[in-house]
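Trainee: Got a structure for you, upload11.cif, holding mmCIF, C-alpha atoms.
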```
data_final
#
loop_
_atom_site.label_atom_id
_atom_site.label_comp_id
_atom_site.auth_asym_id
_atom_site.auth_seq_id
_atom_site.Cartn_x
_atom_site.Cartn_y
_atom_site.Cartn_z
CA MET A 19 50.20 109.97 -103.31
CA SER A 20 48.60 107.86 -106.03
CA ASN A 21 46.90 109.49 -109.01
CA ARG A 22 43.56 108.24 -107.70
CA ASP A 23 44.15 109.95 -104.34
CA ARG A 24 45.34 113.10 -106.12
CA ALA A 25 42.06 113.12 -108.04
CA LEU A 26 40.06 112.70 -104.83
CA ALA A 27 42.00 115.44 -103.03
CA ALA A 28 41.39 117.76 -105.97
CA ALA A 29 37.68 116.86 -106.01
CA VAL A 30 37.39 117.70 -102.31
CA GLU A 31 39.16 121.01 -102.90
CA LEU A 32 36.80 121.86 -105.77
CA LEU A 33 33.73 120.97 -103.70
CA GLY A 34 35.00 122.94 -100.72
CA THR A 35 35.93 126.05 -102.68
CA GLU A 36 33.54 126.14 -105.63
CA GLY A 37 30.61 123.95 -104.60
CA LEU A 38 28.98 121.11 -106.45
CA ARG A 39 28.68 122.96 -109.74
CA GLY A 40 32.48 123.33 -109.83
CA LEU A 41 33.01 119.57 -109.76
CA THR A 42 33.58 117.91 -113.14
CA HIS A 43 35.91 115.11 -114.13
CA ALA A 44 37.84 117.48 -116.40
CA ARG A 45 38.23 120.12 -113.68
CA VAL A 46 39.46 117.47 -111.25
CA ASP A 47 42.06 116.35 -113.79
CA ASP A 48 43.16 119.94 -114.24
CA ARG A 49 43.27 120.73 -110.49
CA ALA A 50 45.18 117.50 -109.73
CA ASP A 51 47.52 118.06 -112.69
CA LEU A 52 46.57 114.67 -114.13
CA PRO A 53 46.36 113.66 -117.78
CA LYS A 54 42.99 114.36 -119.37
CA GLY A 55 40.55 111.51 -118.70
CA SER A 56 42.34 110.21 -115.60
CA THR A 57 39.54 110.96 -113.18
CA SER A 58 36.91 109.38 -115.40
CA ASN A 59 39.08 106.27 -115.64
CA TYR A 60 38.98 105.93 -111.84
CA PHE A 61 35.39 107.13 -111.41
CA ARG A 62 33.20 106.36 -114.42
CA SER A 63 30.31 108.52 -113.24
CA ARG A 64 29.72 111.60 -111.15
CA ALA A 65 27.99 109.37 -108.59
CA ALA A 66 31.09 107.16 -108.34
CA LEU A 67 33.27 110.24 -107.90
CA LEU A 68 31.07 111.61 -105.11
CA ASP A 69 31.07 108.22 -103.39
CA GLY A 70 34.88 108.10 -103.65
CA VAL A 71 35.14 111.64 -102.26
CA VAL A 72 33.15 110.77 -99.14
CA ASP A 73 35.18 107.64 -98.48
CA TRP A 74 38.44 109.56 -99.02
CA MET A 75 37.41 112.30 -96.58
CA VAL A 76 36.58 109.74 -93.90
CA ARG A 77 39.88 107.90 -94.44
CA LYS A 78 41.79 111.17 -94.06
CA GLU A 79 39.95 112.26 -90.92
CA VAL A 80 39.83 108.97 -88.99
CA PRO A 81 43.38 109.25 -87.59
CA GLN A 82 42.67 112.73 -86.21
CA VAL A 83 39.36 111.61 -84.71
CA GLU A 84 40.82 108.40 -83.24
CA THR A 85 43.47 110.30 -81.28
CA THR A 86 40.80 112.66 -79.95
CA LEU A 87 38.44 110.05 -78.63
CA LYS A 88 40.40 108.45 -75.81
CA PRO A 89 39.22 110.62 -72.90
CA ALA A 90 40.01 109.88 -69.26
CA SER A 91 37.21 112.16 -68.02
CA PRO A 92 34.22 114.14 -69.27
CA GLU A 93 36.39 117.28 -69.18
CA ASP A 94 38.98 115.55 -71.37
CA LEU A 95 36.25 114.61 -73.86
CA VAL A 96 34.96 118.19 -74.02
CA ASP A 97 38.51 119.54 -74.44
CA GLU A 98 39.34 117.01 -77.16
CA LEU A 99 36.09 117.57 -79.04
CA CYS A 100 36.73 121.33 -78.97
CA ARG A 101 40.27 120.79 -80.28
CA LEU A 102 38.86 118.56 -83.01
CA TYR A 103 36.35 121.28 -83.90
CA GLU A 104 39.20 123.80 -84.18
CA PHE A 105 41.06 121.43 -86.52
CA MET A 106 37.96 120.84 -88.62
CA THR A 107 37.16 124.54 -88.97
CA GLY A 108 40.82 125.57 -89.32
CA PRO A 109 43.24 123.41 -91.29
CA ASN A 110 40.44 121.07 -92.43
CA ALA A 111 37.86 123.76 -93.31
CA VAL A 112 37.86 123.05 -97.05
CA THR A 113 37.07 119.39 -96.41
CA VAL A 114 34.33 120.27 -93.93
CA THR A 115 32.87 122.73 -96.45
CA ALA A 116 32.94 119.99 -99.09
CA ARG A 117 31.09 117.69 -96.68
CA MET A 118 28.45 120.36 -96.01
CA VAL A 119 27.98 120.77 -99.78
CA LEU A 120 27.46 117.02 -100.00
CA TRP A 121 24.95 117.00 -97.11
CA VAL A 122 22.83 119.52 -99.03
CA GLU A 123 23.13 117.29 -102.13
CA ALA A 124 22.09 114.32 -99.98
CA ALA A 125 18.65 115.85 -99.52
CA THR A 126 17.84 114.90 -103.13
CA ASN A 127 20.48 112.27 -103.89
CA PRO A 128 20.05 108.95 -102.04
CA GLN A 129 23.43 107.63 -103.17
CA VAL A 130 25.28 110.60 -101.67
CA ARG A 131 23.12 110.28 -98.55
CA GLN A 132 24.15 106.64 -98.13
CA ALA A 133 27.85 107.47 -98.56
CA LEU A 134 27.61 110.24 -95.95
CA LEU A 135 25.74 108.01 -93.54
CA ARG A 136 28.50 105.40 -93.87
CA GLY A 137 31.04 108.09 -92.99
CA ARG A 138 28.96 109.27 -90.05
CA ALA A 139 28.68 105.68 -88.81
CA THR A 140 32.46 105.37 -88.95
CA MET A 141 32.87 108.46 -86.80
CA ALA A 142 30.15 107.28 -84.40
CA SER A 143 31.93 103.94 -84.06
CA MET A 144 34.75 105.86 -82.38
CA LEU A 145 32.65 108.30 -80.33
CA VAL A 146 30.13 105.79 -78.94
CA PRO A 147 32.78 103.71 -77.09
CA ALA A 148 34.34 106.89 -75.67
CA LEU A 149 30.96 107.97 -74.31
CA ALA A 150 30.20 104.46 -73.05
CA GLY A 151 33.57 104.34 -71.32
CA LEU A 152 32.64 107.49 -69.43
CA GLY A 153 29.32 105.92 -68.39
CA ALA A 154 26.84 107.54 -70.78
CA ARG A 155 23.31 106.19 -70.33
CA ASP A 156 22.69 106.12 -74.08
CA PRO A 157 26.02 106.58 -75.87
CA LEU A 158 24.49 106.20 -79.34
CA ALA A 159 21.93 108.96 -78.73
CA ALA A 160 24.65 111.17 -77.23
CA SER A 161 26.87 110.53 -80.26
CA ASP A 162 24.03 111.37 -82.65
CA THR A 163 23.26 114.54 -80.70
CA LEU A 164 26.90 115.64 -80.72
CA GLY A 165 27.13 114.90 -84.46
CA ALA A 166 24.02 116.92 -85.27
CA CYS A 167 25.11 119.79 -83.05
CA VAL A 168 28.59 119.96 -84.53
CA GLN A 169 27.24 119.81 -88.08
CA GLY A 170 25.00 122.76 -87.25
CA LEU A 171 27.95 124.64 -85.80
CA PHE A 172 29.98 123.92 -88.94
CA LEU A 173 27.20 125.33 -91.12
CA GLN A 174 26.87 128.41 -88.95
CA GLN A 175 30.60 129.09 -88.76
CA LEU A 176 31.41 128.39 -92.39
CA GLY A 177 28.27 130.08 -93.71
CA ARG A 178 28.64 133.23 -91.62
CA GLY A 179 32.40 133.34 -91.81
CA GLU A 180 32.81 133.99 -88.10
CA ALA A 181 34.29 131.83 -85.37
CA ILE A 182 31.94 129.99 -83.03
CA ASP A 183 32.99 128.58 -79.67
CA PRO A 184 31.63 125.02 -79.56
CA ARG A 185 32.45 124.52 -75.87
CA PRO A 186 29.12 125.61 -74.30
CA LEU A 187 27.07 123.27 -76.50
CA VAL A 188 29.53 120.36 -76.27
CA GLU A 189 29.59 120.69 -72.46
CA ILE A 190 25.79 120.65 -72.26
CA ILE A 191 25.55 117.52 -74.41
CA VAL A 192 28.35 115.66 -72.60
CA ARG A 193 26.94 116.63 -69.17
CA GLY A 194 23.47 115.56 -70.25
CA ALA A 195 24.73 112.25 -71.59
CA LEU A 196 26.52 111.55 -68.32
CA ALA A 197 23.89 112.92 -65.93
CA GLY A 198 23.33 110.57 -63.05
CA THR A 199 26.55 108.62 -63.65
CA ALA A 200 29.61 108.62 -61.45
CA SER A 201 31.61 110.67 -63.99
CA GLY A 202 28.78 113.05 -64.83
CA THR A 203 27.49 113.88 -61.37
#
```
Could you rewrite the structure in this file as structure tokens?

Mentor:
Amino acid sequence: MSNRDRALAAAVELLGTEGLRGLTHARVDDRADLPKGSTSNYFRSRAALLDGVVDWMVRKEVPQVETTLKPASPEDLVDELCRLYEFMTGPNAVTVTARMVLWVEAATNPQVRQALLRGRATMASMLVPALAGLGARDPLAASDTLGACVQGLFLQQLGRGEAIDPRPLVEIIVRGALAGTASGT
């Protein structure tokens, strides 16, 4: 892993375990075991670091999401989305927590908002074709609805510290998106 990627991984870990106030260039250097000043050489400002963090998270998650979104049926899609949720709230929980921290920051920081929206568009670019392939009437709206629902579930699960079964909500959204189609009837 390059020093730049080590810095980004450490930044995600700090965001996901200590929140935004725990993120400084010096603390990233320390967490990544990099020479002092390394992170600021790669990311001259806090804004640049946050932008890099979002892009790094998306790059790391795309392979997992891509393998999930090749369903043969609505049931396959629900099963795969639930498995993805388990991955995100299990082995990937620190990254998801970091993303939730950044979504709160996005409420007052347009640059972070734009970076997160780019990441969300990347994920939607994989989900929309899967929904369209199953015959969704409005795959973009269904993708947006699934994204909003899952983000809410992440906040609830991570904030309360208790497991949430995403299946009932995911099934409702997928069924609704496919209502009146051959695969959703």

Trainee: Could you write out as a PDB file with C-alpha atoms, keeping the file's coordinate frame the residues that the PyMOL selection byres ((chain A and resi 54-62) around 7) matches in the shown file?

Mentor:
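So the final result, stored in result_19.pdb, reads:
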```pdb
ATOM      1  CA  ARG A  22      43.560 108.240-107.700  1.00  0.00           C
ATOM      2  CA  ALA A  25      42.060 113.120-108.040  1.00  0.00           C
ATOM      3  CA  HIS A  43      35.910 115.110-114.130  1.00  0.00           C
ATOM      4  CA  ALA A  44      37.840 117.480-116.400  1.00  0.00           C
ATOM      5  CA  VAL A  46      39.460 117.470-111.250  1.00  0.00           C
ATOM      6  CA  ASP A  47      42.060 116.350-113.790  1.00  0.00           C
ATOM      7  CA  LEU A  52      46.570 114.670-114.130  1.00  0.00           C
ATOM      8  CA  PRO A  53      46.360 113.660-117.780  1.00  0.00           C
ATOM      9  CA  SER A  63      30.310 108.520-113.240  1.00  0.00           C
ATOM     10  CA  ALA A  66      31.090 107.160-108.340  1.00  0.00           C
ATOM     11  CA  LEU A  67      33.270 110.240-107.900  1.00  0.00           C
TER      12      LEU A  67
END
```

Trainee: Which residues would end up in the selection if the PyMOL selection byres ((chain A and resi 96) around 8) were applied here, given that I need the answer as a PyMOL selection string?

Mentor: chain A and resi 92-95+97-100+185+188-189+192

Trainee: Could you check how far atom CA of Val30 of chain A sits from atom CA of Val72 of chain A, in Å to one decimal?

Mentor: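 Here the two named atoms are 8.7 Å from each other.
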
Trainee: Convert the output of the PyMOL selection byres ((chain A and resi 83-89) around 7) on the shown file into explicit residues, formatted as a PyMOL selection string.

Mentor: chain A and resi 79-82+90-91+94-95+98-99+102+144-145+148

Trainee: Between A:Ala50, A:Leu26, A:Ile190, A:Val146, which is the closest to Met75 of chain A once you count all atoms listed in the file?

Mentor: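 Of the candidates, the smallest distance to Met75 of chain A is held by A:Leu26.
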
Trainee: Which of these, A:Val112, A:Ala197, A:Ala139, A:Ile191, has the shortest distance to Leu164 of chain A once you count only C-alpha atoms?

Mentor: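 Of A:Val112, A:Ala197, A:Ala139, A:Ile191, the one nearest Leu164 of chain A is A:Ile191, counting only C-alpha atoms.
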
Trainee: Pick the closest to Leu120 of chain A from A:Gly194, A:Arg45, A:Gly37, A:Arg178: which is it, counting only C-alpha atoms?

Mentor: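 Using only C-alpha atoms, Leu120 of chain A sits closest to A:Gly37.
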
Trainee: What's the separation between atom CA of Glu104 of chain A and atom CA of Thr199 of chain A, in Å to one decimal place?

Mentor: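 Spanning atom CA of Glu104 of chain A to atom CA of Thr199 of chain A is a straight-line distance of 28.5 Å.
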
Trainee: Measure the distance from atom CA of Thr115 of chain A to atom CA of Leu158 of chain A in Å and round it to one decimal.

Mentor: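 Those two atoms sit 25.2 Å apart.
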
Trainee: In terms of the shortest atom-to-atom distance over all atoms listed in the file, which of A:Met106, A:Leu196, A:Val130, A:Met19 is closest to Asp156 of chain A?

Mentor: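 Distance minimum relative to Asp156 of chain A lands on A:Leu196.
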
Trainee: Pick the closest to Asp183 of chain A from A:Pro157, A:Ala195, A:Tyr103, A:Gly137: which is it, counting only C-alpha atoms?

Mentor: A:Tyr103

Trainee: Using all atoms listed in the file for the distances, tell me which of A:Glu36, A:Asp23, A:Glu31, A:Asp48 is nearest to Ala111 of chain A.

Mentor: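 Residue with the minimum atom-to-atom distance to Ala111 of chain A: A:Glu31.
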
Trainee: May I ask you to restore N, CA and C atoms in segment 148-180 of chain A and write the result as an mmCIF file, in the frame of the given file?

Mentor:
```cif
data_model
loop_
_atom_site.group_PDB
_atom_site.id
_atom_site.type_symbol
_atom_site.label_atom_id
_atom_site.label_comp_id
_atom_site.auth_asym_id
_atom_site.auth_seq_id
_atom_site.Cartn_x
_atom_site.Cartn_y
_atom_site.Cartn_z
ATOM 1 N N ALA A 148 33.794 105.873 -76.582
ATOM 2 C CA ALA A 148 34.340 106.890 -75.670
ATOM 3 C C ALA A 148 33.263 107.329 -74.683
ATOM 4 N N LEU A 149 32.066 107.571 -75.182
ATOM 5 C CA LEU A 149 30.960 107.970 -74.310
ATOM 6 C C LEU A 149 30.559 106.834 -73.365
ATOM 7 N N ALA A 150 30.531 105.619 -73.894
ATOM 8 C CA ALA A 150 30.200 104.460 -73.050
ATOM 9 C C ALA A 150 31.237 104.279 -71.955
ATOM 10 N N GLY A 151 32.492 104.470 -72.295
ATOM 11 C CA GLY A 151 33.570 104.340 -71.320
ATOM 12 C C GLY A 151 33.474 105.349 -70.191
ATOM 13 N N LEU A 152 32.846 106.478 -70.467
ATOM 14 C CA LEU A 152 32.640 107.490 -69.430
ATOM 15 C C LEU A 152 31.332 107.274 -68.679
ATOM 16 N N GLY A 153 30.551 106.261 -69.106
ATOM 17 C CA GLY A 153 29.320 105.920 -68.390
ATOM 18 C C GLY A 153 28.052 106.526 -68.950
ATOM 19 N N ALA A 154 28.055 106.952 -70.202
ATOM 20 C CA ALA A 154 26.840 107.540 -70.780
ATOM 21 C C ALA A 154 25.689 106.542 -70.738
ATOM 22 N N ARG A 155 24.510 107.035 -70.385
ATOM 23 C CA ARG A 155 23.310 106.190 -70.330
ATOM 24 C C ARG A 155 22.946 105.658 -71.704
ATOM 25 N N ASP A 156 23.029 106.506 -72.704
ATOM 26 C CA ASP A 156 22.690 106.120 -74.080
ATOM 27 C C ASP A 156 23.771 106.702 -74.993
ATOM 28 N N PRO A 157 24.903 106.015 -75.100
ATOM 29 C CA PRO A 157 26.020 106.580 -75.870
ATOM 30 C C PRO A 157 25.696 106.813 -77.340
ATOM 31 N N LEU A 158 24.835 106.001 -77.932
ATOM 32 C CA LEU A 158 24.490 106.200 -79.340
ATOM 33 C C LEU A 158 23.688 107.494 -79.520
ATOM 34 N N ALA A 159 22.715 107.718 -78.651
ATOM 35 C CA ALA A 159 21.930 108.960 -78.730
ATOM 36 C C ALA A 159 22.814 110.171 -78.469
ATOM 37 N N ALA A 160 23.734 110.053 -77.520
ATOM 38 C CA ALA A 160 24.650 111.170 -77.230
ATOM 39 C C ALA A 160 25.551 111.432 -78.430
ATOM 40 N N SER A 161 26.030 110.378 -79.078
ATOM 41 C CA SER A 161 26.870 110.530 -80.260
ATOM 42 C C SER A 161 26.088 111.204 -81.391
ATOM 43 N N ASP A 162 24.862 110.756 -81.612
ATOM 44 C CA ASP A 162 24.030 111.370 -82.650
ATOM 45 C C ASP A 162 23.774 112.842 -82.359
ATOM 46 N N THR A 163 23.526 113.156 -81.097
ATOM 47 C CA THR A 163 23.260 114.540 -80.700
ATOM 48 C C THR A 163 24.505 115.402 -80.915
ATOM 49 N N LEU A 164 25.653 114.898 -80.494
ATOM 50 C CA LEU A 164 26.900 115.640 -80.720
ATOM 51 C C LEU A 164 27.144 115.839 -82.209
ATOM 52 N N GLY A 165 26.927 114.793 -83.012
ATOM 53 C CA GLY A 165 27.130 114.900 -84.460
ATOM 54 C C GLY A 165 26.233 115.956 -85.082
ATOM 55 N N ALA A 166 24.964 115.944 -84.722
ATOM 56 C CA ALA A 166 24.020 116.920 -85.270
ATOM 57 C C ALA A 166 24.379 118.335 -84.832
ATOM 58 N N CYS A 167 24.737 118.477 -83.574
ATOM 59 C CA CYS A 167 25.110 119.790 -83.050
ATOM 60 C C CYS A 167 26.342 120.342 -83.768
ATOM 61 N N VAL A 168 27.349 119.507 -83.900
ATOM 62 C CA VAL A 168 28.590 119.960 -84.530
ATOM 63 C C VAL A 168 28.360 120.287 -86.006
ATOM 64 N N GLN A 169 27.548 119.483 -86.688
ATOM 65 C CA GLN A 169 27.240 119.810 -88.080
ATOM 66 C C GLN A 169 26.560 121.178 -88.178
ATOM 67 N N GLY A 170 25.648 121.453 -87.272
ATOM 68 C CA GLY A 170 25.000 122.760 -87.250
ATOM 69 C C GLY A 170 25.987 123.883 -86.988
ATOM 70 N N LEU A 171 26.916 123.642 -86.070
ATOM 71 C CA LEU A 171 27.950 124.640 -85.800
ATOM 72 C C LEU A 171 28.831 124.870 -87.025
ATOM 73 N N PHE A 172 29.180 123.780 -87.715
ATOM 74 C CA PHE A 172 29.980 123.920 -88.940
ATOM 75 C C PHE A 172 29.245 124.814 -89.942
ATOM 76 N N LEU A 173 27.968 124.529 -90.169
ATOM 77 C CA LEU A 173 27.200 125.330 -91.120
ATOM 78 C C LEU A 173 27.151 126.791 -90.711
ATOM 79 N N GLN A 174 26.917 127.028 -89.433
ATOM 80 C CA GLN A 174 26.870 128.410 -88.950
ATOM 81 C C GLN A 174 28.208 129.110 -89.126
ATOM 82 N N GLN A 175 29.280 128.454 -88.692
ATOM 83 C CA GLN A 175 30.600 129.090 -88.760
ATOM 84 C C GLN A 175 31.044 129.300 -90.197
ATOM 85 N N LEU A 176 30.937 128.274 -91.008
ATOM 86 C CA LEU A 176 31.410 128.390 -92.390
ATOM 87 C C LEU A 176 30.513 129.295 -93.215
ATOM 88 N N GLY A 177 29.202 129.248 -92.968
ATOM 89 C CA GLY A 177 28.270 130.080 -93.710
ATOM 90 C C GLY A 177 28.342 131.550 -93.336
ATOM 91 N N ARG A 178 28.563 131.828 -92.073
ATOM 92 C CA ARG A 178 28.640 133.230 -91.620
ATOM 93 C C ARG A 178 30.046 133.773 -91.680
ATOM 94 N N GLY A 179 31.022 132.873 -91.744
ATOM 95 C CA GLY A 179 32.400 133.340 -91.810
ATOM 96 C C GLY A 179 32.913 133.919 -90.507
ATOM 97 N N GLU A 180 32.344 133.498 -89.404
ATOM 98 C CA GLU A 180 32.810 133.990 -88.100
ATOM 99 C C GLU A 180 32.974 132.810 -87.147
#
```
